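The data block below is work_39.txt; it holds compact mmCIF, C-alpha atoms and all ligand atoms.
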```txt
# COMPACT_ATOMS: atom_id res chain seq x y z
CA LEU A 1 97.19 -95.93 37.13
CA ASN A 2 93.58 -95.80 36.13
CA GLN A 3 93.86 -95.64 32.34
CA GLN A 4 90.34 -94.29 31.94
CA ILE A 5 91.35 -91.22 33.95
CA ALA A 6 94.98 -91.01 32.86
CA SER A 7 94.05 -90.97 29.19
CA LEU A 8 91.59 -88.08 29.48
CA PRO A 9 92.73 -84.89 27.79
CA THR A 10 93.13 -81.71 29.87
CA THR A 11 89.82 -79.88 29.69
CA ILE A 12 89.52 -77.48 26.76
CA PHE A 13 88.62 -74.65 29.16
CA THR A 14 92.00 -74.93 30.88
CA VAL A 15 93.85 -75.40 27.59
CA MET A 16 92.33 -72.28 26.04
CA SER A 17 92.65 -70.14 29.17
CA ALA A 18 96.35 -71.02 29.38
CA LEU A 19 96.79 -70.21 25.70
CA ALA A 20 94.94 -66.92 26.18
CA ALA A 21 97.29 -65.98 29.01
CA ARG A 22 100.34 -66.92 26.97
CA HIS A 23 99.28 -64.71 24.06
CA ASP A 24 97.74 -61.96 26.18
CA ALA A 25 94.49 -62.65 24.33
CA ILE A 26 90.99 -61.56 25.30
CA ASN A 27 89.52 -64.69 26.83
CA LEU A 28 86.10 -65.39 25.33
CA GLY A 29 86.75 -69.08 25.93
CA GLN A 30 86.17 -70.33 29.47
CA GLY A 31 82.78 -69.14 30.73
CA PHE A 32 83.37 -66.82 33.65
CA PRO A 33 82.17 -63.23 34.07
CA ASP A 34 84.78 -60.47 34.20
CA THR A 35 82.80 -58.54 36.80
CA GLU A 36 82.34 -59.57 40.42
CA GLY A 37 79.02 -60.82 41.75
CA PRO A 38 76.87 -58.67 44.07
CA ALA A 39 79.00 -56.84 46.67
CA HIS A 40 76.60 -57.69 49.51
CA LEU A 41 77.07 -61.40 48.84
CA ILE A 42 80.84 -61.06 48.98
CA GLU A 43 80.46 -59.08 52.20
CA ALA A 44 78.10 -61.74 53.61
CA ALA A 45 80.73 -64.42 52.88
CA ALA A 46 83.49 -62.36 54.47
CA ALA A 47 81.33 -61.55 57.51
CA ALA A 48 80.51 -65.24 57.95
CA LEU A 49 84.23 -66.04 58.10
CA ARG A 50 84.71 -63.39 60.76
CA ASP A 51 81.65 -64.71 62.62
CA GLY A 52 83.36 -68.06 63.03
CA ARG A 53 81.66 -70.01 60.23
CA ASN A 54 84.89 -71.92 59.70
CA GLN A 55 84.19 -75.50 60.76
CA TYR A 56 82.43 -78.28 58.86
CA ALA A 57 78.97 -77.43 57.61
CA PRO A 58 76.22 -80.07 57.91
CA LEU A 59 76.65 -82.81 55.32
CA ALA A 60 73.59 -81.91 53.23
CA GLY A 61 74.19 -78.17 53.50
CA LEU A 62 73.40 -75.33 55.90
CA PRO A 63 69.69 -75.38 56.76
CA GLU A 64 69.46 -71.70 55.79
CA LEU A 65 70.74 -72.44 52.29
CA ARG A 66 68.53 -75.51 51.86
CA GLU A 67 65.55 -73.39 52.89
CA ALA A 68 66.56 -70.66 50.44
CA VAL A 69 66.81 -73.24 47.63
CA ALA A 70 63.32 -74.47 48.48
CA ARG A 71 61.95 -70.89 48.52
CA SER A 72 63.58 -70.22 45.16
CA CYS A 73 61.96 -73.35 43.67
CA ALA A 74 58.59 -72.17 44.99
CA ARG A 75 59.01 -68.59 43.75
CA PHE A 76 60.19 -69.33 40.22
CA TYR A 77 58.64 -72.70 39.45
CA SER A 78 55.82 -73.26 41.99
CA LEU A 79 57.63 -76.40 43.15
CA THR A 80 57.03 -77.47 46.74
CA ILE A 81 60.35 -78.77 48.07
CA ASP A 82 61.06 -80.00 51.59
CA PRO A 83 64.35 -78.32 52.56
CA ALA A 84 65.06 -80.94 55.22
CA THR A 85 64.90 -83.98 52.93
CA GLU A 86 64.90 -82.82 49.31
CA VAL A 87 67.92 -80.49 48.96
CA VAL A 88 71.62 -81.37 48.95
CA VAL A 89 74.27 -78.65 48.72
CA THR A 90 77.40 -79.57 46.75
CA SER A 91 80.75 -78.08 45.85
CA GLY A 92 79.62 -76.75 42.51
CA ALA A 93 77.31 -78.20 39.89
CA THR A 94 80.25 -80.31 38.73
CA GLU A 95 80.06 -82.29 41.94
CA ALA A 96 76.26 -82.26 41.79
CA ILE A 97 76.34 -83.97 38.39
CA ALA A 98 78.82 -86.58 39.60
CA VAL A 99 76.97 -87.43 42.81
CA SER A 100 73.61 -87.55 41.02
CA LEU A 101 75.05 -90.07 38.58
CA ALA A 102 76.75 -91.99 41.40
CA ALA A 103 73.44 -92.18 43.27
CA LEU A 104 71.56 -93.60 40.29
CA VAL A 105 73.73 -95.91 38.26
CA ASN A 106 74.87 -99.47 38.56
CA PRO A 107 77.51 -100.84 36.19
CA GLY A 108 76.02 -101.52 32.76
CA ASP A 109 73.19 -99.01 33.11
CA GLU A 110 72.71 -96.65 30.21
CA ILE A 111 72.59 -92.87 30.48
CA ILE A 112 71.26 -90.83 27.60
CA VAL A 113 73.46 -87.83 26.86
CA ILE A 114 72.64 -85.13 24.38
CA GLU A 115 75.53 -83.92 22.25
CA PRO A 116 77.14 -81.43 22.23
CA ALA A 117 77.63 -82.30 25.92
CA TYR A 118 79.34 -80.54 28.80
CA ASP A 119 82.75 -82.07 29.19
CA THR A 120 82.46 -83.77 32.59
CA TYR A 121 79.40 -85.86 31.70
CA LEU A 122 80.95 -88.70 29.71
CA PRO A 123 84.06 -89.33 31.84
CA VAL A 124 82.00 -89.59 35.04
CA ILE A 125 79.40 -91.87 33.45
CA ARG A 126 82.16 -94.18 32.20
CA LEU A 127 84.07 -94.10 35.48
CA LEU A 128 80.93 -95.41 37.19
CA GLY A 129 80.82 -98.29 34.73
CA ALA A 130 77.71 -96.97 33.03
CA VAL A 131 77.30 -96.62 29.27
CA PRO A 132 76.49 -93.30 27.61
CA ARG A 133 73.97 -93.41 24.76
CA LEU A 134 74.60 -90.32 22.69
CA VAL A 135 72.00 -88.37 20.75
CA ARG A 136 73.17 -85.45 18.63
CA LEU A 137 71.27 -82.23 18.21
CA THR A 138 71.23 -80.88 14.70
CA PRO A 139 72.79 -77.47 14.02
CA PRO A 140 72.18 -74.75 13.04
CA ASP A 141 68.94 -74.67 15.05
CA TRP A 142 70.03 -77.45 17.47
CA SER A 143 66.72 -79.23 17.05
CA VAL A 144 66.02 -82.48 18.86
CA PRO A 145 65.98 -85.50 16.50
CA ARG A 146 62.94 -87.10 18.12
CA GLU A 147 63.22 -90.48 16.43
CA ASP A 148 66.87 -90.81 17.44
CA LEU A 149 66.07 -89.81 20.99
CA ALA A 150 63.21 -92.30 21.27
CA ALA A 151 65.44 -95.03 19.80
CA ALA A 152 68.20 -94.32 22.34
CA PHE A 153 65.95 -95.38 25.24
CA SER A 154 66.06 -99.07 26.10
CA PRO A 155 65.27 -101.36 29.05
CA LYS A 156 68.78 -100.53 30.30
CA THR A 157 68.18 -96.77 30.38
CA LYS A 158 68.59 -95.43 33.89
CA ALA A 159 68.41 -91.72 33.15
CA ILE A 160 68.72 -88.91 30.68
CA LEU A 161 71.15 -86.08 31.43
CA LEU A 162 69.49 -82.90 30.21
CA ASN A 163 71.20 -79.52 30.16
CA SER A 164 68.75 -76.68 29.56
CA PRO A 165 69.58 -73.84 29.03
CA MET A 166 72.33 -75.66 27.20
CA ASN A 167 76.06 -75.11 27.05
CA PRO A 168 77.58 -74.64 24.43
CA CYS A 169 74.67 -74.01 22.05
CA GLY A 170 72.60 -71.53 24.05
CA LYS A 171 69.53 -73.68 23.43
CA VAL A 172 66.57 -73.53 25.80
CA PHE A 173 64.45 -76.65 25.37
CA THR A 174 60.90 -75.82 24.28
CA PRO A 175 57.77 -76.97 26.13
CA GLY A 176 57.13 -79.41 23.27
CA GLU A 177 60.62 -80.90 23.48
CA LEU A 178 60.41 -81.16 27.27
CA GLY A 179 57.02 -82.89 27.02
CA PHE A 180 58.46 -85.36 24.55
CA ILE A 181 61.42 -86.11 26.84
CA ALA A 182 59.15 -86.42 29.89
CA GLY A 183 57.00 -88.93 27.99
CA LEU A 184 60.03 -91.07 27.15
CA VAL A 185 61.40 -90.95 30.71
CA GLN A 186 58.06 -92.11 32.10
CA LYS A 187 57.48 -94.74 29.43
CA HIS A 188 60.86 -96.28 30.26
CA ASP A 189 60.54 -95.82 34.02
CA ALA A 190 63.76 -93.78 34.06
CA TYR A 191 65.07 -90.64 35.78
CA ALA A 192 66.31 -87.28 34.55
CA ILE A 193 69.37 -85.45 35.81
CA CYS A 194 68.63 -81.85 34.94
CA ASP A 195 71.66 -79.57 34.71
CA GLU A 196 69.96 -76.18 35.04
CA VAL A 197 72.96 -74.07 36.03
CA TYR A 198 71.88 -71.37 33.53
CA GLU A 199 68.26 -71.36 34.79
CA HIS A 200 68.25 -67.58 35.29
CA LEU A 201 70.05 -66.75 32.06
CA THR A 202 67.37 -66.87 29.37
CA PHE A 203 66.62 -64.21 26.80
CA GLY A 204 62.98 -63.67 25.94
CA VAL A 205 62.01 -67.30 26.53
CA ARG A 206 61.06 -69.05 29.73
CA HIS A 207 63.16 -71.78 31.32
CA ILE A 208 60.90 -74.64 32.36
CA PRO A 209 62.41 -77.24 34.70
CA LEU A 210 61.59 -80.76 33.50
CA MET A 211 60.71 -81.41 37.15
CA THR A 212 57.60 -79.23 36.81
CA LEU A 213 56.02 -81.37 34.08
CA PRO A 214 53.24 -83.79 35.04
CA GLY A 215 54.63 -87.05 36.40
CA MET A 216 58.22 -85.75 36.61
CA ARG A 217 58.41 -84.46 40.20
CA GLU A 218 59.54 -87.88 41.50
CA ARG A 219 61.88 -88.62 38.59
CA CYS A 220 64.09 -85.53 38.41
CA LEU A 221 67.26 -84.38 40.10
CA ARG A 222 67.45 -80.65 39.42
CA ILE A 223 70.86 -78.98 39.63
CA GLY A 224 71.62 -75.28 40.14
CA SER A 225 74.86 -73.32 40.60
CA ALA A 226 75.64 -70.16 42.56
CA GLY A 227 78.52 -69.58 40.16
CA LYS A 228 76.15 -68.89 37.30
CA SER A 229 73.25 -67.29 39.14
CA PHE A 230 75.45 -64.82 41.05
CA SER A 231 78.48 -64.41 38.76
CA LEU A 232 80.71 -66.05 41.37
CA THR A 233 82.08 -69.03 39.45
CA GLY A 234 85.05 -69.45 41.78
CA TRP A 235 82.84 -70.16 44.77
CA LYS A 236 81.81 -73.60 43.50
CA VAL A 237 78.53 -73.91 45.38
CA GLY A 238 75.86 -76.04 43.75
CA TYR A 239 72.52 -77.45 44.90
CA ILE A 240 70.43 -80.47 43.99
CA THR A 241 66.70 -80.71 44.43
CA ALA A 242 65.37 -84.26 44.31
CA PRO A 243 62.65 -86.42 45.86
CA ALA A 244 63.65 -87.51 49.37
CA PRO A 245 64.55 -91.15 48.59
CA LEU A 246 66.92 -89.99 45.82
CA ALA A 247 68.31 -87.05 47.80
CA ALA A 248 69.23 -89.44 50.63
CA VAL A 249 71.40 -91.52 48.29
CA VAL A 250 72.87 -88.41 46.66
CA ALA A 251 73.84 -87.23 50.16
CA LYS A 252 75.68 -90.51 50.72
CA ALA A 253 77.70 -90.02 47.54
CA HIS A 254 78.45 -86.43 48.63
CA GLN A 255 79.42 -87.68 52.09
CA ASN A 256 82.12 -89.89 50.66
CA LEU A 257 83.44 -87.63 47.94
CA VAL A 258 83.37 -84.19 49.57
CA PHE A 259 81.34 -84.38 52.79
CA ALA A 260 80.53 -80.67 53.15
CA THR A 261 80.86 -77.36 51.33
CA ALA A 262 82.40 -74.12 52.71
CA PRO A 263 79.89 -72.75 55.26
CA ASN A 264 80.57 -69.04 54.73
CA LEU A 265 79.92 -69.37 51.01
CA GLN A 266 76.73 -71.32 51.69
CA ARG A 267 75.48 -68.56 53.94
CA ALA A 268 76.16 -65.89 51.31
CA VAL A 269 74.51 -67.98 48.57
CA ALA A 270 71.38 -68.21 50.75
CA VAL A 271 71.33 -64.39 50.78
CA GLY A 272 71.76 -64.44 47.00
CA LEU A 273 68.85 -66.80 46.39
CA ASP A 274 66.57 -64.64 48.52
CA GLN A 275 67.23 -61.47 46.49
CA ASP A 276 64.32 -59.68 44.82
CA THR A 277 63.14 -61.08 41.53
CA ALA A 278 64.45 -57.85 39.96
CA TYR A 279 68.03 -59.06 40.54
CA PHE A 280 67.45 -62.14 38.40
CA THR A 281 65.59 -60.15 35.72
CA ILE A 282 68.41 -57.61 35.46
CA LEU A 283 71.05 -60.35 35.36
CA ALA A 284 69.38 -61.86 32.29
CA GLN A 285 68.70 -58.49 30.62
CA ASP A 286 72.29 -57.47 31.09
CA MET A 287 73.56 -60.72 29.62
CA MET A 288 71.15 -60.42 26.69
CA LEU A 289 72.59 -57.01 25.88
CA ARG A 290 76.04 -58.56 25.73
CA ARG A 291 74.80 -61.37 23.53
CA ASP A 292 73.34 -58.80 21.15
CA ILE A 293 76.58 -56.80 20.95
CA LEU A 294 78.56 -59.91 20.18
CA ALA A 295 76.03 -61.38 17.74
CA ALA A 296 75.72 -58.16 15.73
CA GLY A 297 79.49 -57.71 15.56
CA LEU A 298 80.14 -61.30 14.51
CA ARG A 299 77.46 -61.15 11.82
CA GLU A 300 78.98 -57.99 10.44
CA ILE A 301 82.40 -59.65 10.28
CA GLY A 302 80.93 -62.58 8.35
CA PHE A 303 80.43 -65.33 10.92
CA GLY A 304 77.26 -67.37 10.67
CA VAL A 305 75.69 -66.70 14.06
CA LEU A 306 73.56 -69.52 15.46
CA PRO A 307 70.49 -68.86 17.62
CA CYS A 308 71.05 -68.31 21.35
CA ASP A 309 68.18 -68.09 23.83
CA GLY A 310 70.14 -68.58 27.04
CA THR A 311 73.45 -69.26 28.87
CA TYR A 312 76.70 -67.27 28.57
CA PHE A 313 77.47 -68.66 25.14
CA LEU A 314 77.00 -67.96 21.47
CA THR A 315 78.01 -70.44 18.78
CA ALA A 316 79.11 -69.32 15.34
CA ASP A 317 79.84 -70.98 12.02
CA ILE A 318 83.31 -70.25 10.67
CA SER A 319 82.78 -71.92 7.32
CA SER A 320 81.36 -68.66 5.93
CA LEU A 321 84.63 -66.82 6.61
CA GLY A 322 86.33 -67.91 3.40
CA SER A 323 90.11 -68.07 3.34
CA VAL A 324 90.46 -67.14 7.02
CA VAL A 325 89.90 -70.82 7.64
CA GLN A 326 92.63 -72.85 5.99
CA PRO A 327 91.69 -75.92 3.93
CA GLY A 328 91.14 -78.84 6.29
CA GLU A 329 91.64 -76.68 9.37
CA SER A 330 89.53 -77.90 12.30
CA ASP A 331 87.69 -75.70 14.79
CA GLN A 332 90.31 -76.73 17.38
CA ASP A 333 93.22 -75.61 15.22
CA TRP A 334 91.42 -72.44 14.17
CA CYS A 335 90.63 -71.45 17.77
CA LYS A 336 94.26 -71.97 18.76
CA ARG A 337 95.50 -69.99 15.76
CA MET A 338 93.07 -67.13 16.40
CA THR A 339 94.19 -66.95 20.02
CA ALA A 340 97.74 -66.36 18.82
CA GLU A 341 97.06 -64.33 15.67
CA ALA A 342 93.96 -62.29 16.55
CA GLY A 343 94.42 -62.20 20.32
CA VAL A 344 90.95 -63.63 20.99
CA ALA A 345 90.50 -67.00 22.69
CA LEU A 346 87.44 -69.15 21.87
CA ILE A 347 86.28 -72.70 22.43
CA PRO A 348 85.94 -75.21 19.57
CA VAL A 349 82.49 -76.81 19.72
CA SER A 350 83.93 -80.21 18.73
CA ALA A 351 85.36 -80.38 22.27
CA PHE A 352 81.80 -81.10 23.42
CA TYR A 353 81.61 -84.37 21.47
CA ASP A 354 82.69 -87.88 22.46
CA THR A 355 86.23 -88.47 21.23
CA ALA A 356 85.30 -92.14 20.72
CA GLY A 357 82.27 -91.27 18.57
CA SER A 358 81.79 -90.46 14.90
CA LYS A 359 83.23 -87.25 13.47
CA PRO A 360 81.80 -84.14 15.16
CA PRO A 361 81.07 -80.88 13.36
CA THR A 362 84.36 -78.96 13.00
CA HIS A 363 83.02 -75.65 11.67
CA LEU A 364 81.54 -74.25 14.90
CA VAL A 365 83.12 -72.16 17.66
CA ARG A 366 81.79 -70.94 21.01
CA PHE A 367 82.12 -67.38 22.28
CA ALA A 368 81.53 -66.52 25.97
CA PHE A 369 79.76 -63.16 26.17
CA CYS A 370 79.71 -62.82 29.98
CA LYS A 371 82.24 -60.01 29.59
CA LYS A 372 82.11 -56.21 29.77
CA PRO A 373 80.65 -54.63 26.62
CA LEU A 374 83.94 -52.78 26.04
CA VAL A 375 85.84 -56.06 26.19
CA LEU A 376 83.45 -57.60 23.66
CA GLU A 377 83.90 -54.55 21.38
CA GLU A 378 87.68 -54.86 21.61
CA ALA A 379 87.50 -58.58 20.79
CA LEU A 380 85.33 -57.77 17.77
CA THR A 381 87.82 -55.13 16.62
CA ARG A 382 90.65 -57.64 16.87
CA LEU A 383 88.70 -60.26 14.95
CA ARG A 384 87.65 -57.73 12.30
CA ASP A 385 91.28 -56.74 11.79
CA ARG A 386 92.39 -60.35 11.42
CA VAL A 387 89.43 -61.73 9.49
N1 LIG A 401 77.13 -77.68 33.88
C1 LIG A 401 77.29 -76.82 32.86
C2 LIG A 401 76.42 -76.96 31.67
C3 LIG A 401 78.26 -75.84 32.92
O1 LIG A 401 78.42 -75.00 31.89
C4 LIG A 401 79.08 -75.75 34.05
C5 LIG A 401 80.21 -74.79 34.04
N2 LIG A 401 80.12 -73.83 34.79
C6 LIG A 401 78.86 -76.64 35.12
C7 LIG A 401 77.88 -77.59 34.98
C8 LIG A 401 79.69 -76.62 36.36
O2 LIG A 401 79.25 -75.68 37.27
P1 LIG A 401 80.05 -75.36 38.61
O3 LIG A 401 81.08 -74.35 38.28
O4 LIG A 401 79.02 -74.86 39.58
O5 LIG A 401 80.68 -76.64 39.06
N1 LIG A 402 81.43 -74.07 32.48
C1 LIG A 402 82.53 -73.31 31.99
C2 LIG A 402 82.46 -73.24 30.47
O1 LIG A 402 81.73 -73.96 29.85
C3 LIG A 402 83.88 -73.84 32.35
C4 LIG A 402 84.05 -74.42 33.70
C5 LIG A 402 85.42 -75.01 33.84
O2 LIG A 402 86.39 -74.49 33.36
N2 LIG A 402 85.48 -76.12 34.48
O3 LIG A 402 83.17 -72.46 29.92
```
As structure tokens - that is how I would like this structure written.
Ligand code: PMP
Ligand code: GLN
Amino acid sequence: LNQQIASLPTTIFTVMSALAARHDAINLGQGFPDTEGPAHLIEAAAAALRDGRNQYAPLAGLPELREAVARSCARFYSLTIDPATEVVVTSGATEAIAVSLAALVNPGDEIIVIEPAYDTYLPVIRLLGAVPRLVRLTPPDWSVPREDLAAAFSPKTKAILLNSPMNPCGKVFTPGELGFIAGLVQKHDAYAICDEVYEHLTFGVRHIPLMTLPGMRERCLRIGSAGKSFSLTGWKVGYITAPAPLAAVVAKAHQNLVFATAPNLQRAVAVGLDQDTAYFTILAQDMMLRRDILAAGLREIGFGVLPCDGTYFLTADISSLGSVVQPGESDQDWCKRMTAEAGVALIPVSAFYDTAGSKPPTHLVRFAFCKKPLVLEEALTRLRDRV
């Protein structure tokens, strides 16, 4: 057996969803919406099946989807992307992250990862024989420790993996922070893998792809996900935009790991990307409303609510809750206990830290607010009753 893989824990999202099901708890853990995506996209996918879109799609993705990705980059970010050579469609952003890393790294290369980090980053980096260099953001405002970040770059740095808007902290990197990161990437002749799956989920601030900064067009692999942009997380359709020489190598990694993604879903996602800008505006407004309901309720109960400018997620400090947290109780234990006792499932933020690293914060929990307002209200009632 491969011990690196065998020794990995089951992902916290699966652990907490299973626990939620066992206790019939409201699941504010794993980030998936409890409403379906647009009906016309689901119909487009179903129609494509009936139309005989049931054999292998082209390796790099259906031309119509690659063209829609390029149009979306032009519309939202004024990026000129060649759909024929600069877009690769993947089976979810999860695959996109893995094939981007596979395309870039050689054993011994270093990848800079910002903690808290999405849970697939570190295992894939290590599986490829690369070395993660971790830089921790500082709560409660999740600011970037610039000196630490600069010090993490070295002649061995191949890339930085940047997730903005960022899961789990809901942080959207500021223009100043992005400029600083772009400067470091260029100074060290490195690349950036930009996990932008929440690109359309920002609240009152603008998401700026690192790829749009001066000098970064040729150094970035930009990753999007239909799951997040169209509330269809089960579809697992992702897309990478990268300069042609990089996209060609990414396509080779995709060829050998997956080869091609379901053609009917690709066709429907192309329809989704071409929707009016109003669709994307309403998606974000609607999610912001949910964030506000949850944030206000949690504050009233006594949680310390951390800032959230984007994503599906709000982080909260449980150390202000007094005796509801037992002495020495970790965020992991507390989340499990609350699932059973309050009937609300959450995600401990410490799950987003390297298990081999120094002690992570254990006083923070993540709530997913991509749920119906009534469901959020019910979860708040349950927490209020317990806390
Ligand atoms: N990156 C981040 C930051 C995520 O939160 C997620 C989870 N949805 C993914 C990547 C994976 O996306 P997908 O479901 O498209 O594989
Ligand atoms: N991205 C989702 C989250 O952070 C989970 C996806 C998964 O379960 N793999 O909740």
Could I get the residues of range 22-95 of chain A with an atom no further than 9 Å from an atom of range 209-228 of chain A, each paired with its nearest atom pair and that distance in Å to one decimal, using all atoms listed in the file, sorted by chain and residue number, as JSON lines?
```
{"residue": "A:Phe32", "atom": "CA", "partner": "A:Lys228", "partner_atom": "CA", "distance": 8.4}
{"residue": "A:Pro33", "atom": "CA", "partner": "A:Lys228", "partner_atom": "CA", "distance": 8.9}
{"residue": "A:Gly37", "atom": "CA", "partner": "A:Gly227", "partner_atom": "CA", "distance": 8.9}
{"residue": "A:Tyr77", "atom": "CA", "partner": "A:Thr212", "partner_atom": "CA", "distance": 7.1}
{"residue": "A:Ser78", "atom": "CA", "partner": "A:Thr212", "partner_atom": "CA", "distance": 8.1}
{"residue": "A:Leu79", "atom": "CA", "partner": "A:Thr212", "partner_atom": "CA", "distance": 6.9}
{"residue": "A:Gly92", "atom": "CA", "partner": "A:Ser225", "partner_atom": "CA", "distance": 6.2}
{"residue": "A:Ala93", "atom": "CA", "partner": "A:Ser225", "partner_atom": "CA", "distance": 5.5}
```
Report the closest atom pair, with its distance in Å rounded to one decimal, for each residue of range 154-238 of chain A that has an atom no farther than 12 Å from range 127-141 of chain A; count all atoms listed in the file, sort by chain and then rising residue number, and write it as a Markdown table.
```
| residue | atom | partner | partner_atom | distance |
| --- | --- | --- | --- | --- |
| A:Ser154 | CA | A:Arg133 | CA | 9.8 |
| A:Lys156 | CA | A:Val131 | CA | 9.4 |
| A:Thr157 | CA | A:Arg133 | CA | 8.7 |
| A:Lys158 | CA | A:Ala130 | CA | 9.3 |
| A:Ala159 | CA | A:Pro132 | CA | 9.9 |
| A:Ile160 | CA | A:Arg133 | CA | 9.1 |
| A:Leu161 | CA | A:Pro132 | CA | 9.8 |
| A:Leu162 | CA | A:Val135 | CA | 11.2 |
| A:Met166 | CA | A:Leu137 | CA | 11.2 |
| A:Pro168 | CA | A:Leu137 | CA | 11.7 |
| A:Cys169 | CA | A:Pro139 | CA | 8.9 |
| A:Gly170 | CA | A:Asp141 | CA | 10.2 |
| A:Lys171 | CA | A:Asp141 | CA | 8.5 |
| A:Val172 | CA | A:Asp141 | CA | 11.1 |
| A:Phe173 | CA | A:Leu137 | CA | 11.4 |
| A:Glu177 | CA | A:Leu137 | CA | 12.0 |
```
Practice item. Would you mind listing the residues within 6 Å of ligand LIG 402 (chain A), counting only C-alpha atoms and all ligand atoms, as a list in words? Key: Phe13, Gln30 and Gly31 of chain A
**Study point:** Among the residues A:Glu110, A:His363, A:Leu28, A:Met288, the one that comes closest to Glu377 in chain A [using all atoms listed in the file]
**Key:** A:Leu28
**Study point:** Polymer residues at most 12 Å from Ser72 in chain A, all atoms listed in the file, same-chain spacing of 3 or more positions, as an MDAnalysis selection string
**Key:** chainID A and resid 65:69 75:83 87 199:200 224 229 239 241 269:277 280
Would you output that residue set with C-alpha atoms, as a tab-separated table (two decimals), keeping the file's coordinate frame?
```
chain	number	residue	atom	x	y	z
A	65	LEU	CA	70.74	-72.44	52.29
A	66	ARG	CA	68.53	-75.51	51.86
A	67	GLU	CA	65.55	-73.39	52.89
A	68	ALA	CA	66.56	-70.66	50.44
A	69	VAL	CA	66.81	-73.24	47.63
A	75	ARG	CA	59.01	-68.59	43.75
A	76	PHE	CA	60.19	-69.33	40.22
A	77	TYR	CA	58.64	-72.70	39.45
A	78	SER	CA	55.82	-73.26	41.99
A	79	LEU	CA	57.63	-76.40	43.15
A	80	THR	CA	57.03	-77.47	46.74
A	81	ILE	CA	60.35	-78.77	48.07
A	82	ASP	CA	61.06	-80.00	51.59
A	83	PRO	CA	64.35	-78.32	52.56
A	87	VAL	CA	67.92	-80.49	48.96
A	199	GLU	CA	68.26	-71.36	34.79
A	200	HIS	CA	68.25	-67.58	35.29
A	224	GLY	CA	71.62	-75.28	40.14
A	229	SER	CA	73.25	-67.29	39.14
A	239	TYR	CA	72.52	-77.45	44.90
A	241	THR	CA	66.70	-80.71	44.43
A	269	VAL	CA	74.51	-67.98	48.57
A	270	ALA	CA	71.38	-68.21	50.75
A	271	VAL	CA	71.33	-64.39	50.78
A	272	GLY	CA	71.76	-64.44	47.00
A	273	LEU	CA	68.85	-66.80	46.39
A	274	ASP	CA	66.57	-64.64	48.52
A	275	GLN	CA	67.23	-61.47	46.49
A	276	ASP	CA	64.32	-59.68	44.82
A	277	THR	CA	63.14	-61.08	41.53
A	280	PHE	CA	67.45	-62.14	38.40
```
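Across A:Val185, A:Val89, A:Ala20, A:Leu8, the tightest approach to ligand LIG 401 (chain A) is made by A:Val89 when counting all atoms listed in the file.
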**Study point:** Point-to-point distance in Å for CA of Ala379 in chain A and CA of Tyr118 in chain A
**Key:** 24.8 Å
Exercise for review: Rank A:Thr362, A:Ser350, A:Gln332, A:Thr202 by their smallest atom-to-atom distance to Thr311 in chain A, using all atoms listed in the file, and report the top residue only.
Suggested key: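 The shortest atom-to-atom distance to Thr311 in chain A comes from A:Thr202.
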With range 52-61 of chain A as the partner and 12 Å as the cut-off, tabulate the residues of range 76-175 of chain A that qualify, each row holding the nearest pair of atoms and their distance in Å to one decimal, using all atoms listed in the file, sorted by chain and rising number, as CSV.
```
residue,atom,partner,partner_atom,distance
A:Pro83,CA,A:Gly61,CA,9.9
A:Ala84,CA,A:Ala60,CA,8.8
A:Thr85,CA,A:Ala60,CA,8.9
A:Glu86,CA,A:Ala60,CA,9.6
A:Val87,CA,A:Ala60,CA,7.2
A:Val88,CA,A:Ala60,CA,4.7
A:Val89,CA,A:Gly61,CA,4.8
A:Thr90,CA,A:Gly61,CA,7.6
A:Ser91,CA,A:Gly61,CA,10.1
A:Ala96,CA,A:Ala60,CA,11.8
```
Considering all atoms listed in the file, return as a tab-separated table (two decimals) with C-alpha atoms, in the frame of the given file whatever protein or nucleic-acid residues lie within 8 Å of Phe367 in chain A, sequence-local ones (same chain, fewer than 4 positions apart) excluded.
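Contents of result-v6.tsv, as written:
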```tsv
chain	number	residue	atom	x	y	z
A	28	LEU	CA	86.10	-65.39	25.33
A	29	GLY	CA	86.75	-69.08	25.93
A	313	PHE	CA	77.47	-68.66	25.14
A	314	LEU	CA	77.00	-67.96	21.47
A	315	THR	CA	78.01	-70.44	18.78
A	316	ALA	CA	79.11	-69.32	15.34
A	346	LEU	CA	87.44	-69.15	21.87
A	347	ILE	CA	86.28	-72.70	22.43
```
Point to revise | Spatial neighbours of Ile97 in chain A, max dist 9 Å, only C-alpha atoms, sep filter under 3 positions, as a ChimeraX atom specification | key: /A:92-94,100-102,120-121,124,161,193-195,223,240
**Study point:** Distance criterion (only C-alpha atoms): nearest to Ile114 in chain A out of A:Tyr353, A:Phe230, A:Leu201, A:Gly302
**Key:** A:Tyr353
Review point. Between A:Leu306, A:Leu383, A:Val365, A:Val237, which one has atoms that come closest to ligand LIG 401 (chain A), using only C-alpha atoms and all ligand atoms?
Key: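 Of A:Leu306, A:Leu383, A:Val365, A:Val237, the one nearest ligand LIG 401 (chain A), counting only C-alpha atoms and all ligand atoms, is A:Val237.
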Revision key, fill the gap. Nearest to ligand LIG 401 (chain A), restricted to all atoms listed in the file and choosing among A:Asn163, A:Thr174, A:Gln255, A:Ser358, comes out as A:Asn163
**Study point:** Contact residues around Arg146 in chain A with all atoms listed in the file at 10 Å, ignoring same-chain residues under 2 positions, as a PyMOL selection string
**Key:** chain A and resi 135+137+143-144+148-152+177+180-181
Exercise for review: For Lys371 in chain A, work out the shell of residues within 7 Å, counting only C-alpha atoms and skipping chain neighbours fewer than 3 positions away, then give it as a list in words.
Suggested key: Pro33, Asp34, Val375 and Leu376 of chain A
Writing out the chosen residues with C-alpha atoms as a compact mmCIF listing (two decimals), in the frame of the given file:
```
# COMPACT_ATOMS: atom_id res chain seq x y z
CA PRO A 33 82.17 -63.23 34.07
CA ASP A 34 84.78 -60.47 34.20
CA VAL A 375 85.84 -56.06 26.19
CA LEU A 376 83.45 -57.60 23.66
```
